[in-house]
Amino acid sequence: MNAIELSHINKSFGDFAIRDLNLTVPSGTICGLVGENGAGKSTTIRLLMGALRPDSGTASVLGTDVSSPEFREVKEDVGVVLDEAYFPESLNAVQVGKIMAATYRRWDQKLYDGYLKRFDLPPSKQFKDFSRGMRMKLAIAVALSHQPKLLVLDEATAGLDPIVRDEVLDIFNEFTREEDHSILISSHILSDLEKLCDYIAFIHQGNLLFCEEKDRLLEEYGIFTDSAEQLECLLPEAIVAREPNGYGGVRALIRRDLAPAGFQLEKPSVEDIVLFLVKGAKTR
Amino acid sequence: MKALILKDTYVIWRQMKYFLVMILLFSALPSGFNNAFAVIYAAMMPYTALAYDERSKWDQMAAMMPYSARDVVLGKYVFGWLCIGAAAVLSGLLQAVLSLVIHRAFLPSVIALSVLGALCILAITLPLMFRMGVEKGRLAMFLIIFLVCGGAGAIASIAESMGGGTAFAFQGPILAAMLIAAVVLNVVSIPLSQKFYQRRQS
């Protein structure tokens, strides 16, 4: 079963539109959703959680159509962390726990208390006095404490210091040790996604440009760094994007399958691939 | 829905003591208008909670949780009803005590009228809040509160002057009319608010 299936989703807001979005996240995997600000990542998350109605297309989560009344039950199995923790600011962590205990049937108070301790969150400090990092940690604690099968994380690691971020990524990894547990995570910190994800989906100006297995993606492309003359030896179709390398030469993202055998290419990072595509540095 | 009512209670807990002082103060003042306002004031509690929701963008979070639009909307109504009920009990108790201590007229019918007026205000103004948001809806709310308070106060004052501190002859029909109005308005108001809320969400 797929944890998430978005099929031919269209949603228009006038000056911005999600167009023919098809995204599948197989159960038991972690998918990273990548894209610049305003690309449509948060909108995609709102669409898949049924918080926004698409103009056309269908969305299902854990096998249930998000527009059906049954989806409300399915939300018990989905832990969500949005780009901000939108708890009313006069609440404290204990009160948030009590509210969530009345919200989720499988709320695990001991687990929640454990996360509060682990994240060093003060139980009775008002939410408005929390730093951004503390707010995100509280949201993560809530998302993990009702025994979800799917985590949907929108910039969940933003604002966390590197040590806590690393710990949180470990927690997410632990979460997917259960074979039916899945994660969709959007982040600007591409190194986090590279470390965590099985799949990378890249959304650009409302269009999903690709959703591929991370390892396959990294094998598919290579980084060329040399002179422009040498780059011209390649087929134009092989050059995905290029930019000056700052030393009089060029740096380019190359499709390995279209490059001649033995052509020297470095292994790219997910960040390299995404940045080349976003910058639109393609100047063939 | 229980979770949402609990959330609203926590959210306005700090404001609650000021509300309590206002309710008791207006209940103690010797005028039908003030006594009515003491209860009707409680109808504003859901707007305070809504204002906090808006400020924290709680709705975005709630949309990800297993709450239905009905839960969110009905939760605000139930919260309002509970606040009105609690204010009526407090105001009634204080007025009863004052009637014994300083021999002031105690008219439970004024409290009943205030409760029904508050329920009508809630039913009229909550759809406006869900439609326009708290900032824009607040102006309309104050206008309606003023009109209902004035009306309820006027009726209460007439009642006092006509009855010389006792129940007046036509209080039954007025209460019955207000009860019908409160029920009808709330029955119409809840689905309307739900529709407005869902429209704003999508």
# chains A, B, ... in the order shown; residues from 1 in each chain; ligands from 1
call {"tool": "residues_around", "arguments": {"residues": "range 88-90 of chain B", "least_positions_apart": "4", "cutoff": "9 Å", "atoms": "only C-alpha atoms", "output": "PyMOL selection string"}}
result
chain B and resi 20+23-24+27+38-40+42+83-84+94-95+111-112+114-115
call {"tool": "residues_around", "arguments": {"residues": "Ser182 in chain A", "least_positions_apart": "5", "cutoff": "8 Å", "atoms": "only C-alpha atoms", "output": "MDAnalysis selection string"}}
result
chainID A and resid 3 25:30 149:151 176
call {"tool": "interface_residues", "arguments": {"of": "chain B", "to": "chain A", "cutoff": "10 Å", "atoms": "only C-alpha atoms", "output": "number ranges by chain"}}
result
B: 1-8, 10-14, 49, 51-68, 198, 201-202
call {"tool": "residues_around", "arguments": {"residues": "range 110-114 of chain A", "least_positions_apart": "5", "cutoff": "7 Å", "atoms": "only C-alpha atoms", "output": "VMD selection string"}}
result
chain A and resid 141 to 142 145
call {"tool": "atom_distance", "arguments": {"atom1": "CA of Ile223 in chain A", "atom2": "CA of Ile185 in chain A"}}
result
25.8 Å
call {"tool": "residues_around", "arguments": {"residues": "Cys197 in chain A", "least_positions_apart": "4", "cutoff": "9 Å", "atoms": "only C-alpha atoms", "output": "list in words"}}
result
Thr29, Ile30, Cys31, Gly32, Ile183, Leu184, Ile185, Asp192, Leu193, Glu213 and Lys214 of chain A
call {"tool": "write_last_selection", "arguments": {"atoms": "N, CA, C and O atoms", "output": "CSV table (one decimal), in the first residue's frame"}}
result
chain,number,residue,atom,x,y,z
A,29,THR,N,8.6,4.1,3.5
A,29,THR,CA,9.7,4.9,3.0
A,29,THR,C,9.7,6.3,3.5
A,29,THR,O,8.7,6.8,4.1
A,30,ILE,N,10.8,7.0,3.3
A,30,ILE,CA,10.8,8.4,3.6
A,30,ILE,C,11.0,9.2,2.3
A,30,ILE,O,11.9,8.9,1.6
A,31,CYS,N,10.1,10.2,2.1
A,31,CYS,CA,10.2,11.0,0.9
A,31,CYS,C,10.5,12.4,1.3
A,31,CYS,O,9.8,13.0,2.1
A,32,GLY,N,11.5,13.0,0.6
A,32,GLY,CA,11.8,14.4,0.9
A,32,GLY,C,11.2,15.3,-0.2
A,32,GLY,O,11.3,15.0,-1.4
A,183,ILE,N,7.3,8.6,6.1
A,183,ILE,CA,7.5,10.0,6.4
A,183,ILE,C,7.5,10.8,5.0
A,183,ILE,O,8.1,10.4,4.1
A,184,LEU,N,6.8,11.9,5.0
A,184,LEU,CA,6.9,12.9,3.9
A,184,LEU,C,7.5,14.1,4.6
A,184,LEU,O,6.9,14.7,5.5
A,185,ILE,N,8.7,14.5,4.2
A,185,ILE,CA,9.3,15.7,4.9
A,185,ILE,C,9.7,16.7,3.8
A,185,ILE,O,10.4,16.4,2.8
A,192,ASP,N,20.0,17.3,5.2
A,192,ASP,CA,19.1,16.5,6.1
A,192,ASP,C,18.4,15.5,5.2
A,192,ASP,O,18.3,14.3,5.6
A,193,LEU,N,17.8,16.0,4.1
A,193,LEU,CA,17.0,15.1,3.3
A,193,LEU,C,17.9,14.0,2.7
A,193,LEU,O,17.5,12.8,2.6
A,213,GLU,N,13.9,7.7,-6.6
A,213,GLU,CA,14.6,7.1,-5.5
A,213,GLU,C,15.9,7.9,-5.4
A,213,GLU,O,16.6,8.2,-6.4
A,214,LYS,N,16.3,8.3,-4.2
A,214,LYS,CA,17.5,9.1,-4.0
A,214,LYS,C,18.8,8.5,-4.6
A,214,LYS,O,19.5,9.2,-5.3
call {"tool": "closest_residue", "arguments": {"among": "A:Ala17, A:Ile4, A:Ala228, A:Leu160", "to": "Asp65 in chain A", "atoms": "only C-alpha atoms"}}
result
A:Ile4
call {"tool": "residues_around", "arguments": {"residues": "range 182-190 of chain B", "least_positions_apart": "3", "cutoff": "9 Å", "atoms": "only C-alpha atoms", "output": "PyMOL selection string"}}
result
chain B and resi 70+73-74+77+116-127+177-179+193-195
call {"tool": "write_last_selection", "arguments": {"atoms": "N, CA, C and O atoms", "output": "mmCIF file, in the first residue's frame"}}
result
data_model
loop_
_atom_site.group_PDB
_atom_site.id
_atom_site.type_symbol
_atom_site.label_atom_id
_atom_site.label_comp_id
_atom_site.auth_asym_id
_atom_site.auth_seq_id
_atom_site.Cartn_x
_atom_site.Cartn_y
_atom_site.Cartn_z
ATOM 1 N N ARG B 70 -17.333 20.671 11.851
ATOM 2 C CA ARG B 70 -18.453 20.718 12.799
ATOM 3 C C ARG B 70 -17.920 20.820 14.229
ATOM 4 O O ARG B 70 -18.447 21.577 15.039
ATOM 5 N N VAL B 73 -16.573 24.407 14.835
ATOM 6 C CA VAL B 73 -17.633 25.426 14.920
ATOM 7 C C VAL B 73 -18.516 25.179 16.151
ATOM 8 O O VAL B 73 -18.723 26.087 16.971
ATOM 9 N N LEU B 74 -18.990 23.957 16.288
ATOM 10 C CA LEU B 74 -19.883 23.656 17.411
ATOM 11 C C LEU B 74 -19.157 23.850 18.750
ATOM 12 O O LEU B 74 -19.765 24.271 19.741
ATOM 13 N N TYR B 77 -19.606 27.319 19.879
ATOM 14 C CA TYR B 77 -20.963 27.560 20.392
ATOM 15 C C TYR B 77 -21.105 26.978 21.807
ATOM 16 O O TYR B 77 -21.594 27.652 22.708
ATOM 17 N N LEU B 116 -31.108 34.450 27.441
ATOM 18 C CA LEU B 116 -31.671 34.269 26.097
ATOM 19 C C LEU B 116 -31.127 35.333 25.132
ATOM 20 O O LEU B 116 -30.835 35.028 23.971
ATOM 21 N N GLY B 117 -30.964 36.552 25.642
ATOM 22 C CA GLY B 117 -30.368 37.618 24.819
ATOM 23 C C GLY B 117 -28.945 37.266 24.426
ATOM 24 O O GLY B 117 -28.538 37.431 23.268
ATOM 25 N N ALA B 118 -28.182 36.740 25.397
ATOM 26 C CA ALA B 118 -26.788 36.359 25.127
ATOM 27 C C ALA B 118 -26.734 35.239 24.090
ATOM 28 O O ALA B 118 -25.875 35.242 23.201
ATOM 29 N N LEU B 119 -27.675 34.292 24.203
ATOM 30 C CA LEU B 119 -27.707 33.192 23.226
ATOM 31 C C LEU B 119 -28.019 33.716 21.826
ATOM 32 O O LEU B 119 -27.470 33.238 20.833
ATOM 33 N N CYS B 120 -28.917 34.711 21.771
ATOM 34 C CA CYS B 120 -29.250 35.320 20.477
ATOM 35 C C CYS B 120 -28.035 36.045 19.900
ATOM 36 O O CYS B 120 -27.733 35.927 18.707
ATOM 37 N N ILE B 121 -27.317 36.773 20.773
ATOM 38 C CA ILE B 121 -26.117 37.503 20.311
ATOM 39 C C ILE B 121 -25.097 36.524 19.747
ATOM 40 O O ILE B 121 -24.531 36.732 18.670
ATOM 41 N N LEU B 122 -24.896 35.457 20.491
ATOM 42 C CA LEU B 122 -23.927 34.437 20.055
ATOM 43 C C LEU B 122 -24.315 33.896 18.678
ATOM 44 O O LEU B 122 -23.471 33.768 17.781
ATOM 45 N N ALA B 123 -25.611 33.603 18.536
ATOM 46 C CA ALA B 123 -26.092 33.013 17.282
ATOM 47 C C ALA B 123 -25.981 33.996 16.113
ATOM 48 O O ALA B 123 -25.733 33.591 14.984
ATOM 49 N N ILE B 124 -26.164 35.284 16.396
ATOM 50 C CA ILE B 124 -26.106 36.274 15.308
ATOM 51 C C ILE B 124 -24.661 36.607 14.949
ATOM 52 O O ILE B 124 -24.313 36.732 13.780
ATOM 53 N N THR B 125 -23.808 36.708 15.967
ATOM 54 C CA THR B 125 -22.456 37.232 15.705
ATOM 55 C C THR B 125 -21.416 36.164 15.332
ATOM 56 O O THR B 125 -20.482 36.468 14.606
ATOM 57 N N LEU B 126 -21.595 34.928 15.817
ATOM 58 C CA LEU B 126 -20.562 33.926 15.495
ATOM 59 C C LEU B 126 -20.428 33.669 13.991
ATOM 60 O O LEU B 126 -19.298 33.581 13.483
ATOM 61 N N PRO B 127 -21.548 33.577 13.244
ATOM 62 C CA PRO B 127 -21.362 33.422 11.785
ATOM 63 C C PRO B 127 -20.578 34.585 11.169
ATOM 64 O O PRO B 127 -19.780 34.372 10.255
ATOM 65 N N ALA B 177 -41.047 34.181 23.723
ATOM 66 C CA ALA B 177 -40.626 34.684 22.397
ATOM 67 C C ALA B 177 -39.117 34.671 22.282
ATOM 68 O O ALA B 177 -38.548 34.273 21.258
ATOM 69 N N MET B 178 -38.447 35.100 23.373
ATOM 70 C CA MET B 178 -36.973 35.118 23.361
ATOM 71 C C MET B 178 -36.406 33.698 23.271
ATOM 72 O O MET B 178 -35.407 33.454 22.600
ATOM 73 N N LEU B 179 -37.064 32.781 23.979
ATOM 74 C CA LEU B 179 -36.618 31.382 23.956
ATOM 75 C C LEU B 179 -36.718 30.824 22.532
ATOM 76 O O LEU B 179 -35.778 30.192 22.036
ATOM 77 N N SER B 193 -22.472 29.032 10.231
ATOM 78 C CA SER B 193 -21.076 29.213 10.667
ATOM 79 C C SER B 193 -20.186 28.124 10.074
ATOM 80 O O SER B 193 -19.063 28.385 9.644
ATOM 81 N N GLN B 194 -20.720 26.904 10.062
ATOM 82 C CA GLN B 194 -19.947 25.770 9.533
ATOM 83 C C GLN B 194 -19.631 26.001 8.057
ATOM 84 O O GLN B 194 -18.512 25.757 7.607
ATOM 85 N N LYS B 195 -20.633 26.502 7.337
ATOM 86 C CA LYS B 195 -20.457 26.779 5.907
ATOM 87 C C LYS B 195 -19.389 27.866 5.707
ATOM 88 O O LYS B 195 -18.495 27.718 4.877
#
call {"tool": "residues_around", "arguments": {"residues": "Arg255 in chain A", "least_positions_apart": "5", "cutoff": "9 Å", "atoms": "only C-alpha atoms", "output": "list in words"}}
result
Glu220, Tyr221, Gly222, Ile223, Glu237, Ala238, Ile239 and Val240 of chain A
call {"tool": "residues_around", "arguments": {"residues": "range 186-188 of chain A", "least_positions_apart": "4", "cutoff": "10 Å", "atoms": "only C-alpha atoms", "output": "list in words"}}
result
Cys31, Gly32, Leu33, Val34, Gly35, Glu36, Asn37, Lys41, Ser42, Ile45, Leu82, Asp83, Val152, Leu153, Asp154, Glu155, Ala156, Thr157, Ala158, Asp192, Leu193, Ile200, Ala201, Phe202 and Glu271 of chain A
call {"tool": "select_by_dssp", "arguments": {"residues": "range 9-74 of chain B", "states": "alpha helix (DSSP H)", "output": "PyMOL selection string"}}
result
chain B and resi 9-28+32-40+45-56+58-62+69-74
call {"tool": "closest_residue", "arguments": {"among": "A:Lys125, A:Arg242, A:His8, A:Arg251", "to": "Leu23 in chain A", "atoms": "only C-alpha atoms"}}
result
A:His8
call {"tool": "atom_distance", "arguments": {"atom1": "CA of Thr43 in chain A", "atom2": "CA of Asp20 in chain A"}}
result
13.5 Å
call {"tool": "select_by_dssp", "arguments": {"residues": "range 143-204 of chain A", "states": "strand (DSSP E or B)", "output": "list in words"}}
result
Leu150, Leu151, Val152, Leu153, Asp154, Ser182, Ile183, Leu184, Ile185, Ser186, Tyr199, Ile200, Ala201, Phe202, Ile203 and His204 of chain A
call {"tool": "atom_distance", "arguments": {"atom1": "CA of Leu21 in chain A", "atom2": "CA of Val274 in chain A"}}
result
18.3 Å
